[in-house]
>>> print(open('start.cif').read())   # mmCIF, C-alpha atoms
data_structure
loop_
_atom_site.label_atom_id
_atom_site.label_comp_id
_atom_site.auth_asym_id
_atom_site.auth_seq_id
_atom_site.Cartn_x
_atom_site.Cartn_y
_atom_site.Cartn_z
CA MET A 1 40.10 64.00 20.02
CA ARG A 2 38.50 66.42 22.47
CA THR A 3 35.05 65.49 23.79
CA THR A 4 32.60 68.35 23.62
CA ASN A 5 29.62 69.02 25.84
CA THR A 6 27.36 68.20 22.89
CA ASP A 7 28.95 64.74 22.55
CA ARG A 8 28.50 64.09 26.28
CA SER A 9 24.84 65.08 26.21
CA GLN A 10 24.18 62.87 23.19
CA SER A 11 25.92 59.94 24.93
CA GLU A 12 23.93 60.48 28.12
CA GLU A 13 20.69 60.70 26.15
CA LYS A 14 21.49 57.45 24.34
CA SER A 15 22.32 55.70 27.65
CA SER A 16 19.09 56.85 29.25
CA ARG A 17 17.14 55.71 26.18
CA GLU A 18 18.29 52.05 26.53
CA PRO A 19 16.27 51.22 29.69
CA ARG A 20 13.19 52.84 28.14
CA LEU A 21 13.58 50.70 25.01
CA LEU A 22 14.13 47.61 27.16
CA GLY A 23 10.92 48.25 29.05
CA ALA A 24 9.02 48.85 25.82
CA LEU A 25 10.30 45.60 24.34
CA VAL A 26 9.35 43.56 27.39
CA ARG A 27 5.90 45.19 27.47
CA TRP A 28 5.53 44.44 23.75
CA VAL A 29 6.39 40.78 24.30
CA GLY A 30 3.75 40.52 27.01
CA THR A 31 1.16 42.28 24.81
CA SER A 32 1.99 40.00 21.90
CA PHE A 33 1.44 36.85 23.93
CA ARG A 34 -1.73 38.24 25.55
CA SER A 35 -3.13 38.96 22.09
CA ARG A 36 -3.27 35.20 21.55
CA LYS A 37 -5.96 35.01 24.26
CA VAL A 38 -4.39 31.99 25.92
CA ASN A 39 -3.76 31.65 29.65
CA VAL A 40 0.00 31.24 29.63
CA SER A 41 0.90 33.74 32.34
CA ALA A 42 3.62 31.60 33.93
CA ASN A 43 5.31 31.05 30.61
CA ASN A 44 4.94 34.74 29.73
CA LYS A 45 6.85 35.67 32.85
CA MET A 46 9.52 33.09 32.10
CA ALA A 47 9.94 34.29 28.54
CA MET A 48 9.97 37.97 29.52
CA LEU A 49 12.52 37.44 32.29
CA LYS A 50 14.78 35.52 29.94
CA LEU A 51 14.46 38.15 27.25
CA SER A 52 15.20 41.01 29.64
CA SER A 53 18.17 39.09 31.03
CA HIS A 54 19.56 38.59 27.54
CA ILE A 55 19.12 42.24 26.59
CA ASN A 56 20.71 43.54 29.80
CA LYS A 57 23.93 41.62 29.20
CA THR A 58 26.76 43.95 28.32
CA HIS A 59 28.56 41.30 26.28
CA PRO A 60 26.06 38.86 24.77
CA SER A 61 27.38 35.34 24.38
CA THR A 62 25.15 34.05 21.58
CA PRO A 63 23.98 35.39 18.19
CA GLU A 64 20.41 35.47 19.53
CA GLU A 65 21.43 37.62 22.48
CA SER A 66 23.41 39.87 20.16
CA MET A 67 20.31 40.41 18.07
CA LEU A 68 18.22 41.30 21.13
CA ALA A 69 20.90 43.60 22.49
CA PHE A 70 21.06 45.31 19.12
CA HIS A 71 17.30 45.73 19.07
CA GLY A 72 17.33 47.17 22.58
CA THR A 73 20.07 49.75 21.97
CA CYS A 74 19.21 50.79 18.42
CA GLU A 75 18.74 54.57 18.19
CA THR A 76 15.68 54.18 15.95
CA ALA A 77 12.57 52.41 17.15
CA PHE A 78 12.83 48.74 16.08
CA THR A 79 10.37 45.99 16.97
CA PRO A 80 11.52 42.40 16.40
CA SER A 81 9.03 40.20 14.60
CA GLN A 82 6.93 37.63 16.42
CA LYS A 83 8.74 34.90 14.47
CA GLU A 84 12.13 36.12 15.70
CA LEU A 85 10.94 36.27 19.30
CA ASP A 86 9.32 32.84 19.03
CA ALA A 87 12.52 31.33 17.62
CA ILE A 88 14.59 32.76 20.49
CA ARG A 89 12.03 31.88 23.13
CA TRP A 90 11.64 28.24 22.12
CA LYS A 91 15.32 27.70 21.44
CA LYS A 92 16.03 28.72 25.05
CA ALA A 93 13.09 26.84 26.61
CA THR A 94 13.62 23.47 28.28
CA ALA A 95 11.55 20.37 27.51
CA ASP A 96 9.68 20.79 30.82
CA GLU A 97 8.87 24.43 30.03
CA ILE A 98 7.53 23.43 26.62
CA LYS A 99 5.38 20.71 28.18
CA ALA A 100 4.02 23.18 30.73
CA TYR A 101 3.09 25.56 27.93
CA ILE A 102 1.33 22.79 26.00
CA LEU A 103 -0.54 21.75 29.15
CA GLU A 104 -1.91 25.26 29.52
CA LEU A 105 -2.97 25.30 25.88
CA THR A 106 -5.14 22.24 26.52
CA GLU A 107 -7.27 24.38 28.86
CA HIS A 108 -8.35 26.66 26.02
CA ASP A 109 -12.05 26.72 25.13
CA HIS A 110 -11.38 25.49 21.57
CA VAL A 111 -9.89 22.32 23.05
CA LYS A 112 -12.25 21.79 25.99
CA ASN A 113 -15.40 22.50 23.97
CA TYR A 114 -14.48 20.42 20.92
CA GLU A 115 -17.29 18.32 19.46
CA LYS A 116 -16.75 15.41 17.10
CA GLY A 117 -17.58 16.04 13.46
CA TYR A 118 -16.72 18.64 10.83
CA GLY A 119 -18.69 21.49 12.35
CA GLU A 120 -17.70 24.86 13.75
CA SER A 121 -15.79 23.47 16.74
CA HIS A 122 -13.65 21.38 14.35
CA ARG A 123 -12.78 24.44 12.26
CA LYS A 124 -11.97 26.48 15.37
CA LEU A 125 -9.72 23.74 16.73
CA MET A 126 -7.84 23.40 13.43
CA LYS A 127 -7.27 27.15 13.32
CA PHE A 128 -6.18 27.25 16.97
CA VAL A 129 -3.66 24.43 16.52
CA ALA A 130 -2.24 26.03 13.37
CA MET A 131 -1.81 29.32 15.22
CA MET A 132 -0.26 27.93 18.41
CA PHE A 133 1.99 25.20 16.96
CA THR A 134 4.22 27.63 15.12
CA PRO A 135 7.18 26.33 13.07
CA GLU A 136 9.46 27.64 15.81
CA LEU A 137 7.64 25.75 18.59
CA VAL A 138 7.43 22.62 16.42
CA ALA A 139 11.19 22.74 15.78
CA ALA A 140 11.89 23.02 19.51
CA ILE A 141 9.59 20.11 20.34
CA LEU A 142 11.12 17.83 17.72
CA GLU A 143 14.61 18.71 18.92
CA LYS A 144 14.04 18.40 22.67
CA ILE A 145 11.23 15.90 23.30
CA PRO A 146 11.70 12.25 22.25
CA ILE A 147 8.87 10.09 20.95
CA ASN A 148 8.92 7.01 23.16
CA HIS A 149 5.21 6.58 23.81
CA LEU A 150 1.94 5.87 22.03
CA VAL A 151 -0.62 8.63 21.55
CA ILE A 152 -4.18 8.36 20.33
CA MET A 153 -5.44 10.50 17.45
CA ASN A 154 -8.82 12.13 16.95
CA ASN A 155 -11.14 11.01 14.17
CA PRO A 156 -13.78 13.67 13.39
CA SER A 157 -15.74 11.23 11.24
CA LYS A 158 -14.16 9.33 8.34
CA GLU A 159 -10.40 9.69 8.76
CA CYS A 160 -9.49 6.29 10.25
CA PHE A 161 -7.70 5.34 7.01
CA ALA A 162 -5.22 8.19 7.52
CA ILE A 163 -4.96 7.83 11.30
CA ALA A 164 -4.07 4.13 11.11
CA THR A 165 -1.47 4.83 8.39
CA LEU A 166 0.14 7.64 10.40
CA GLN A 167 0.23 5.50 13.54
CA ALA A 168 2.15 2.80 11.65
CA LEU A 169 4.54 5.40 10.20
CA ILE A 170 5.16 7.16 13.52
CA ALA A 171 6.01 3.76 15.05
CA CYS A 172 8.84 3.56 12.49
CA PRO A 173 11.98 5.29 13.89
CA PRO A 174 13.58 6.09 10.49
CA PHE A 175 10.38 7.87 9.43
CA CYS A 176 10.34 10.05 12.57
CA ASP A 177 14.03 10.82 12.10
CA TYR A 178 13.37 11.84 8.49
CA VAL A 179 10.55 14.18 9.54
CA LYS A 180 12.77 15.79 12.16
CA THR A 181 15.76 16.33 9.87
CA LYS A 182 14.08 17.17 6.58
CA VAL A 183 14.13 20.94 5.97
CA PRO A 184 10.45 21.93 5.69
CA VAL A 185 9.61 23.65 2.43
CA THR A 186 6.08 22.73 1.38
CA PRO A 187 2.85 23.00 3.38
CA ILE A 188 2.80 19.18 3.55
CA ASP A 189 6.28 19.23 5.14
CA HIS A 190 5.12 21.67 7.80
CA GLU A 191 1.89 19.81 8.52
CA ILE A 192 3.60 16.45 9.01
CA ARG A 193 6.15 18.09 11.33
CA SER A 194 3.30 19.66 13.30
CA ILE A 195 1.49 16.31 13.65
CA LEU A 196 4.69 14.64 14.86
CA ALA A 197 5.32 17.46 17.35
CA GLN A 198 1.77 17.13 18.68
CA TYR A 199 2.39 13.42 19.05
CA ALA A 200 5.60 14.07 20.99
CA VAL A 201 3.86 16.32 23.54
CA CYS A 202 0.75 14.07 23.78
CA TRP A 203 -1.61 16.69 22.40
CA PRO A 204 -5.11 15.39 23.26
CA LEU A 205 -6.78 16.14 19.90
CA ILE A 206 -4.30 15.31 17.14
CA GLN A 207 -6.05 15.65 13.81
CA CYS A 208 -4.95 15.01 10.25
CA SER A 209 -7.79 16.85 8.48
CA HIS A 210 -5.54 19.60 7.15
CA LEU A 211 -2.96 17.06 5.94
CA LEU A 212 -5.71 15.26 4.03
CA ASP A 213 -6.75 18.55 2.44
CA LEU A 214 -3.17 19.10 1.28
CA VAL A 215 -2.44 15.55 0.11
CA MET A 216 -5.68 14.50 -1.52
CA ASN A 217 -8.16 17.40 -1.37
CA TYR A 218 -10.28 15.27 0.94
CA GLU A 219 -14.04 15.78 0.59
CA ARG A 220 -14.85 14.22 4.00
CA THR A 221 -17.95 12.47 2.72
CA VAL A 222 -16.58 9.00 1.91
CA GLU A 223 -14.09 6.61 3.47
CA GLU A 224 -10.89 6.56 1.42
CA ASP A 225 -8.48 3.65 1.02
CA ALA A 226 -5.54 3.58 3.45
CA GLU A 227 -3.09 2.19 0.90
CA ASP A 228 -4.06 4.89 -1.61
CA PHE A 229 -3.42 7.50 1.09
CA TYR A 230 0.03 6.06 1.78
CA ARG A 231 0.89 6.11 -1.93
CA LEU A 232 -0.13 9.76 -2.23
CA LEU A 233 1.90 10.59 0.87
CA GLU A 234 4.89 8.74 -0.55
CA ASP A 235 4.65 10.63 -3.85
CA ASN A 236 4.18 14.06 -2.28
CA TYR A 237 6.37 13.96 0.82
CA PHE A 238 9.46 11.79 0.52
CA ASP A 239 12.40 13.09 -1.49
CA ASP A 240 15.44 11.32 -2.94
CA SER A 241 17.29 11.47 0.38
CA PHE A 242 14.84 8.87 1.75
CA PRO A 243 15.06 6.11 -0.87
CA MET A 244 12.07 3.99 -1.70
CA PRO A 245 12.48 0.30 -2.71
CA THR A 246 14.03 -0.52 -6.09
CA GLU A 247 13.68 -3.90 -7.78
CA GLU A 248 16.31 -5.29 -10.15
CA LYS A 249 14.37 -7.85 -12.18
CA THR A 250 16.05 -10.39 -14.43
CA PHE A 251 13.66 -11.59 -17.13
CA HIS A 252 14.20 -15.20 -18.22
CA CYS A 253 12.65 -16.15 -21.56
CA TYR A 254 11.18 -19.67 -21.52
CA ASN A 255 11.77 -20.08 -25.27
CA CYS A 256 15.39 -19.04 -25.93
CA ARG A 257 16.68 -18.70 -22.34
CA GLU A 258 17.72 -15.13 -23.07
CA THR A 259 17.92 -12.83 -20.02
CA GLN A 260 17.22 -9.12 -19.69
CA ILE A 261 17.68 -6.89 -16.66
CA ILE A 262 14.97 -4.35 -15.82
CA VAL A 263 15.34 -1.81 -13.00
CA ASP A 264 12.07 -0.73 -11.40
CA LYS A 265 12.60 2.30 -9.16
CA LYS A 266 10.18 3.26 -6.39
CA THR A 267 8.52 -0.09 -6.83
CA ARG A 268 5.53 -1.18 -4.83
CA ILE A 269 6.26 -4.31 -2.80
CA SER A 270 3.32 -6.66 -2.28
CA LEU A 271 2.95 -10.07 -0.74
CA PRO A 272 2.52 -12.72 -3.47
CA PRO A 273 -0.44 -15.00 -4.06
CA ILE A 274 -0.53 -17.78 -1.49
CA LEU A 275 1.28 -20.76 -2.99
CA TYR A 276 0.31 -24.42 -2.93
CA ASP A 277 -1.71 -25.46 0.12
CA GLU A 278 -0.52 -22.71 2.47
CA THR A 279 -3.01 -20.65 4.44
CA THR A 280 -0.99 -17.50 5.01
CA ALA A 281 1.04 -15.05 2.95
CA THR A 282 4.38 -14.40 4.63
CA MET A 283 7.69 -12.63 4.07
CA GLY A 284 9.26 -16.05 3.53
CA GLY A 285 6.75 -16.65 0.76
CA LEU A 286 7.70 -13.31 -0.75
CA MET A 287 11.35 -14.37 -0.99
CA THR A 288 10.40 -17.69 -2.55
CA TYR A 289 8.19 -15.94 -5.08
CA LYS A 290 10.82 -13.38 -6.05
CA LEU A 291 13.87 -15.65 -6.13
CA GLN A 292 12.66 -18.95 -7.52
CA GLY A 293 10.94 -17.86 -10.71
CA HIS A 294 7.33 -18.04 -9.51
CA GLU A 295 6.65 -14.49 -10.73
CA LYS A 296 5.28 -15.35 -14.19
CA VAL A 297 5.02 -12.49 -16.70
CA GLU A 298 4.06 -11.84 -20.28
CA LYS A 299 6.90 -9.82 -21.77
CA THR A 300 8.19 -9.86 -25.33
CA CYS A 301 11.69 -11.29 -25.51
CA GLN A 302 14.05 -8.94 -27.37
CA LYS A 303 15.85 -11.91 -28.98
CA CYS A 304 13.17 -14.41 -30.09
CA GLY A 305 9.99 -12.34 -29.86
CA GLU A 306 8.19 -14.81 -27.61
CA SER A 307 6.25 -13.40 -24.65
CA GLU A 308 6.43 -16.05 -21.92
CA GLY A 309 8.93 -15.99 -19.12
CA CYS A 310 9.50 -15.20 -15.48
CA PHE A 311 11.26 -12.66 -13.28
CA ILE A 312 13.94 -13.40 -10.71
CA THR A 313 14.20 -10.33 -8.52
CA LYS A 314 16.64 -8.68 -6.16
CA CYS A 315 15.59 -5.67 -4.07
CA ILE A 316 17.40 -2.53 -2.97
CA PHE A 317 15.92 -1.00 0.18
CA GLY A 318 16.55 2.16 2.15
CA ASP A 319 15.80 2.14 5.88
CA MET A 320 12.04 1.62 5.60
CA PHE A 321 9.65 -0.10 3.26
CA PHE A 322 5.92 -0.53 2.85
CA ILE A 323 4.50 -3.94 1.90
CA SER A 324 0.92 -4.52 0.82
CA ALA A 325 -1.21 -7.53 1.70
CA SER A 326 -4.24 -6.36 -0.27
CA ILE A 327 -4.14 -9.50 -2.41
CA THR A 328 -5.21 -11.60 0.59
CA HIS A 329 -8.45 -9.63 0.85
CA HIS A 330 -9.61 -11.35 -2.34
CA TYR A 331 -9.66 -14.69 -0.53
CA ALA A 332 -12.98 -15.54 1.06
CA ASP A 333 -11.75 -18.77 2.64
CA GLY A 334 -9.87 -17.29 5.60
CA ARG A 335 -6.40 -17.04 4.04
CA ILE A 336 -4.61 -14.01 5.45
CA ALA A 337 -1.24 -12.26 5.68
CA ASP A 338 1.06 -12.96 8.61
CA PHE A 339 3.83 -10.38 9.08
CA ASP A 340 6.86 -11.58 11.05
CA PRO A 341 7.97 -9.21 13.85
CA CYS A 342 11.57 -9.72 12.69
CA VAL A 343 12.74 -10.97 9.32
CA ASP A 344 16.07 -11.45 7.54
CA LEU A 345 15.82 -10.49 3.86
CA GLY A 346 19.47 -11.13 3.10
CA ASN A 347 18.66 -13.48 0.23
CA LEU A 348 16.26 -11.02 -1.34
CA GLU A 349 18.13 -7.76 -0.77
CA LYS A 350 21.07 -6.74 -2.91
CA THR A 351 23.30 -5.26 -0.22
CA LYS A 352 26.46 -5.89 1.77
CA LYS A 353 25.04 -4.45 4.99
CA SER A 354 22.76 -6.15 7.48
CA SER A 355 19.34 -7.03 6.12
CA GLU A 356 17.52 -7.64 9.37
CA TRP A 357 14.18 -5.88 9.52
CA ARG A 358 11.76 -5.07 12.34
CA LEU A 359 8.03 -4.64 12.05
CA ALA A 360 6.89 -1.13 13.02
CA GLY A 361 3.17 -1.50 12.50
CA VAL A 362 0.41 -3.26 10.59
CA VAL A 363 -2.78 -1.63 9.35
CA HIS A 364 -5.89 -3.83 9.47
CA HIS A 365 -8.91 -3.35 7.24
CA GLU A 366 -12.47 -4.34 8.11
CA ARG A 367 -15.13 -4.15 5.42
CA ILE A 368 -18.34 -3.09 7.17
CA ASP A 369 -20.56 -2.90 4.11
CA LYS A 370 -20.39 -2.02 0.44
CA HIS A 371 -19.81 1.66 1.14
CA SER A 372 -17.86 1.78 4.39
CA ALA A 373 -14.87 0.24 6.11
CA HIS A 374 -12.76 0.77 9.19
CA TYR A 375 -8.99 0.79 9.67
CA VAL A 376 -6.93 0.24 12.81
CA ALA A 377 -3.20 -0.08 13.42
CA VAL A 378 -1.35 -2.73 15.42
CA ILE A 379 1.88 -1.19 16.70
CA ASP A 380 4.94 -2.92 18.10
CA ARG A 381 6.28 -1.18 21.19
CA HIS A 382 9.01 -2.80 23.30
CA ASN A 383 8.12 -6.27 21.96
CA ASN A 384 4.45 -5.83 22.85
CA ASP A 385 1.60 -5.26 20.41
CA TYR A 386 -0.90 -2.44 20.88
CA LEU A 387 -4.15 -1.75 19.10
CA MET A 388 -4.46 1.89 17.99
CA ASN A 389 -8.14 2.36 17.15
CA ASP A 390 -8.62 6.09 16.54
CA SER A 391 -9.00 7.56 20.06
CA SER A 392 -8.32 4.32 21.97
CA CYS A 393 -5.17 2.36 22.74
CA SER A 394 -5.06 -1.11 24.27
CA LYS A 395 -2.51 -3.87 24.72
CA ILE A 396 -3.16 -6.95 22.61
CA SER A 397 -3.29 -10.36 24.25
CA CYS A 398 -4.76 -12.37 21.37
CA MET A 399 -4.04 -11.47 17.74
CA SER A 400 -6.77 -13.75 16.42
CA GLU A 401 -9.30 -11.59 18.26
CA ILE A 402 -7.97 -8.50 16.50
CA ILE A 403 -8.43 -10.19 13.12
CA ARG A 404 -11.91 -11.33 14.06
CA LYS A 405 -13.01 -7.89 15.28
CA HIS A 406 -11.02 -5.56 13.01
CA GLY A 407 -10.33 -7.48 9.82
CA LYS A 408 -7.32 -8.86 8.00
CA PRO A 409 -3.88 -7.23 7.83
CA TYR A 410 -3.88 -4.79 4.90
CA PHE A 411 -0.30 -3.56 4.80
CA ALA A 412 2.78 -3.29 7.00
CA ILE A 413 5.72 -0.94 7.60
CA TYR A 414 9.17 -2.46 8.20
CA TYR A 415 12.40 -0.70 9.14
CA ARG A 416 16.03 -1.79 9.09
CA SER A 417 17.15 -2.81 12.57
CA THR A 418 20.59 -1.24 12.04
CA TRP A 419 19.32 2.10 10.74
CA LYS A 420 21.25 5.22 11.77
CA GLU A 421 20.05 8.73 12.45
CA ARG A 422 20.42 11.20 9.62
CA PRO A 423 22.75 14.20 10.06
CA LYS A 424 21.01 17.11 11.73
CA VAL A 425 20.23 20.02 9.42
CA GLU A 426 19.61 23.49 10.82
CA THR A 427 16.11 24.51 9.76
CA SER A 428 15.51 28.15 8.96
CA SER A 429 12.74 29.88 10.88
CA SER A 430 12.18 32.03 7.83
CA THR A 431 10.97 29.07 5.77
CA SER A 432 7.44 29.85 4.67
CA ASN A 433 4.63 27.86 6.20
#
>>> encode(input="start.cif", output="structure tokens")
Amino acid sequence: MRTTNTDRSQSEEKSSREPRLLGALVRWVGTSFRSRKVNVSANNKMAMLKLSSHINKTHPSTPEESMLAFHGTCETAFTPSQKELDAIRWKKATADEIKAYILELTEHDHVKNYEKGYGESHRKLMKFVAMMFTPELVAAILEKIPINHLVIMNNPSKECFAIATLQALIACPPFCDYVKTKVPVTPIDHEIRSILAQYAVCWPLIQCSHLLDLVMNYERTVEEDAEDFYRLLEDNYFDDSFPMPTEEKTFHCYNCRETQIIVDKKTRISLPPILYDETTATMGGLMTYKLQGHEKVEKTCQKCGESEGCFITKCIFGDMFFISASITHHYADGRIADFDPCVDLGNLEKTKKSSEWRLAGVVHHERIDKHSAHYVAVIDRHNNDYLMNDSSCSKISCMSEIIRKHGKPYFAIYYRSTWKERPKVETSSSTSN
């Protein structure tokens, strides 16, 4: 086919248009970041240089670069969305670049001028964090920055019940792995991912106020119960891919010796009443209670109609389970729960795989008066115990002092020592927040 002068002029005009579009795109990226009113000049330059480098490539090597090249050479004016640019920017950023960006965010006035309480500075900080920790940045943090440290959390006023619970959960590796790999769909999904990402980058003012609003419509005027908060979180966050404990109970009728099997899914495991002359409730006591017929019940026998009998129970666990010690708080004589750092539940668990469990964390409850209480978490990290008390963290040298100052153990989180990471699932940046 013969090339006409008109074709040549159109081709030359298109070629000359590409640099102009490239410059406009780079200027637009800079304007977009400046509109956030955050001093991130070094990161702006890094992002802009990377973007311009990608666009200038004649033969892009990745789908992201192909998209940018397409945007830069399109004959009609096309501006990529902020979400698309964020996804590309954070996918290309290194862990050190992300940490540098977070460090600059901590210099913002909403962070530096924060005042404790639920006032205007609290609302501004919540809004700022929601705006800056985008789903794209959160995804990059969770992918590239491991959680191998302890981080304090901020308590505006009455949120220690949630902070202590989250500290115990974050100390549980299968929980963190589930948060990272679960595809976020609901606002609760996104908020928990954001909290975990803030934890990973040691954000100085991690708050769970918005999560409480989503989970329990928190009124912020009274201290809620930590175990109730966990139950609500369990009901509203975990799906079937993260199995909760199931109990297979065999009912034994005292009258006719008939047996009946009952399966109790998503059961709530609790330490039993303290037996005989013991002073502590333990995991060993739990196994004795469940396996030796000490769990007395009133249930009508299907064969003889009598209602006295007992349960002998086997459990089916996933990779994590919650166990309550609330029953020990009814004892006024000093009897308490004692959670073993490692325990073998092979006799109790109905499984062929290893049933060795490690203690992730214990939440302690101190009753201050009739209307108020305080919760702290004791976290196991590298075979050492640490007290996580809202915005303070300290190594524990004497557990009896913790009980004296912060109350009895209230519940614990255990995880299977042989747990394995879940398969990675590509999360879509288009998922609504």
>>> resolve_selection(input="start.cif", expression="the PyMOL selection byres ((chain A and resi 138) around 12)", output="PyMOL selection string")
chain A and resi 86-87+90-91+98+102+129-137+139-145+179-180+184+189-201+427+429+433
>>> write_last_selection(input="start.cif", atoms="C-alpha atoms", output="CSV table (one decimal), in the frame of the given file")
chain,number,residue,atom,x,y,z
A,86,ASP,CA,9.3,32.8,19.0
A,87,ALA,CA,12.5,31.3,17.6
A,90,TRP,CA,11.6,28.2,22.1
A,91,LYS,CA,15.3,27.7,21.4
A,98,ILE,CA,7.5,23.4,26.6
A,102,ILE,CA,1.3,22.8,26.0
A,129,VAL,CA,-3.7,24.4,16.5
A,130,ALA,CA,-2.2,26.0,13.4
A,131,MET,CA,-1.8,29.3,15.2
A,132,MET,CA,-0.3,27.9,18.4
A,133,PHE,CA,2.0,25.2,17.0
A,134,THR,CA,4.2,27.6,15.1
A,135,PRO,CA,7.2,26.3,13.1
A,136,GLU,CA,9.5,27.6,15.8
A,137,LEU,CA,7.6,25.8,18.6
A,139,ALA,CA,11.2,22.7,15.8
A,140,ALA,CA,11.9,23.0,19.5
A,141,ILE,CA,9.6,20.1,20.3
A,142,LEU,CA,11.1,17.8,17.7
A,143,GLU,CA,14.6,18.7,18.9
A,144,LYS,CA,14.0,18.4,22.7
A,145,ILE,CA,11.2,15.9,23.3
A,179,VAL,CA,10.6,14.2,9.5
A,180,LYS,CA,12.8,15.8,12.2
A,184,PRO,CA,10.4,21.9,5.7
A,189,ASP,CA,6.3,19.2,5.1
A,190,HIS,CA,5.1,21.7,7.8
A,191,GLU,CA,1.9,19.8,8.5
A,192,ILE,CA,3.6,16.4,9.0
A,193,ARG,CA,6.2,18.1,11.3
A,194,SER,CA,3.3,19.7,13.3
A,195,ILE,CA,1.5,16.3,13.6
A,196,LEU,CA,4.7,14.6,14.9
A,197,ALA,CA,5.3,17.5,17.4
A,198,GLN,CA,1.8,17.1,18.7
A,199,TYR,CA,2.4,13.4,19.0
A,200,ALA,CA,5.6,14.1,21.0
A,201,VAL,CA,3.9,16.3,23.5
A,427,THR,CA,16.1,24.5,9.8
A,429,SER,CA,12.7,29.9,10.9
A,433,ASN,CA,4.6,27.9,6.2
>>> atom_distance(input="start.cif", atom1="CA of Tyr386 in chain A", atom2="CA of Ala164 in chain A")
12.2 Å
>>> atom_distance(input="start.cif", atom1="CA of Phe128 in chain A", atom2="CA of Asn217 in chain A")
20.9 Å
>>> residues_around(input="start.cif", residues="Leu345 in chain A", least_positions_apart="6", cutoff="12 Å", atoms="only C-alpha atoms", output="list in words")
Met283, Gly284, Gly285, Leu286, Met287, Thr288, Lys290, Leu291, Lys314, Cys315, Ile316, Phe317, Thr351, Lys352, Lys353, Ser354, Ser355, Glu356, Trp357, Arg358, Tyr414, Tyr415, Arg416 and Ser417 of chain A
>>> resolve_selection(input="start.cif", expression="the PyMOL selection byres ((chain A and resi 341) around 10)", output="JSON list (two decimals) with C-alpha atoms, keeping the file's coordinate frame")
[["chain", "number", "residue", "atom", "x", "y", "z"],
["A", 338, "ASP", "CA", 1.06, -12.96, 8.61],
["A", 339, "PHE", "CA", 3.83, -10.38, 9.08],
["A", 340, "ASP", "CA", 6.86, -11.58, 11.05],
["A", 342, "CYS", "CA", 11.57, -9.72, 12.69],
["A", 343, "VAL", "CA", 12.74, -10.97, 9.32],
["A", 357, "TRP", "CA", 14.18, -5.88, 9.52],
["A", 358, "ARG", "CA", 11.76, -5.07, 12.34],
["A", 359, "LEU", "CA", 8.03, -4.64, 12.05],
["A", 360, "ALA", "CA", 6.89, -1.13, 13.02],
["A", 361, "GLY", "CA", 3.17, -1.50, 12.50],
["A", 380, "ASP", "CA", 4.94, -2.92, 18.10],
["A", 383, "ASN", "CA", 8.12, -6.27, 21.96],
["A", 385, "ASP", "CA", 1.60, -5.26, 20.41],
["A", 414, "TYR", "CA", 9.17, -2.46, 8.20]]
>>> atom_distance(input="start.cif", atom1="CA of Thr221 in chain A", atom2="CA of Pro156 in chain A")
11.5 Å
>>> closest_residue(input="start.cif", among="A:Cys253, A:Val185, A:Leu271, A:Ile262", to="Asp239 in chain A", atoms="all atoms listed in the file")
A:Val185
>>> resolve_selection(input="start.cif", expression="the PyMOL selection byres ((chain A and resi 294) around 12)", output="PyMOL selection string")
chain A and resi 251-252+272-276+285-293+295-297+309-313
>>> closest_residue(input="start.cif", among="A:Lys424, A:His149, A:Arg268, A:Arg89", to="Asp228 in chain A", atoms="only C-alpha atoms")
A:Arg268
>>> closest_residue(input="start.cif", among="A:Gly346, A:Pro243, A:Gly334, A:Pro204", to="Glu107 in chain A", atoms="all atoms listed in the file")
A:Pro204
>>> closest_residue(input="start.cif", among="A:Gln260, A:Asn389, A:Thr328, A:Ser157", to="Val222 in chain A", atoms="only C-alpha atoms")
A:Ser157
>>> axis_aligned_box(input="start.cif", around="range 263-266 of chain A", padding_each_side="5 Å", output="AutoDock Vina command-line options")
--center_x 12.8 --center_y 0.7 --center_z -9.7 --size_x 15.2 --size_y 15.1 --size_z 16.6
>>> residues_around(input="start.cif", residues="Glu366 in chain A", least_positions_apart="4", cutoff="10 Å", atoms="all atoms listed in the file", output="PyMOL selection string")
chain A and resi 329+372-376+403-410
>>> closest_residue(input="start.cif", among="A:His365, A:Lys303, A:Lys127, A:Lys395", to="Gln207 in chain A", atoms="only C-alpha atoms")
A:Lys127
>>> residues_around(input="start.cif", residues="Leu212 in chain A", least_positions_apart="3", cutoff="10 Å", atoms="all atoms listed in the file", output="ChimeraX atom specification")
/A:159,162,188,191,207-209,215-220,229,233
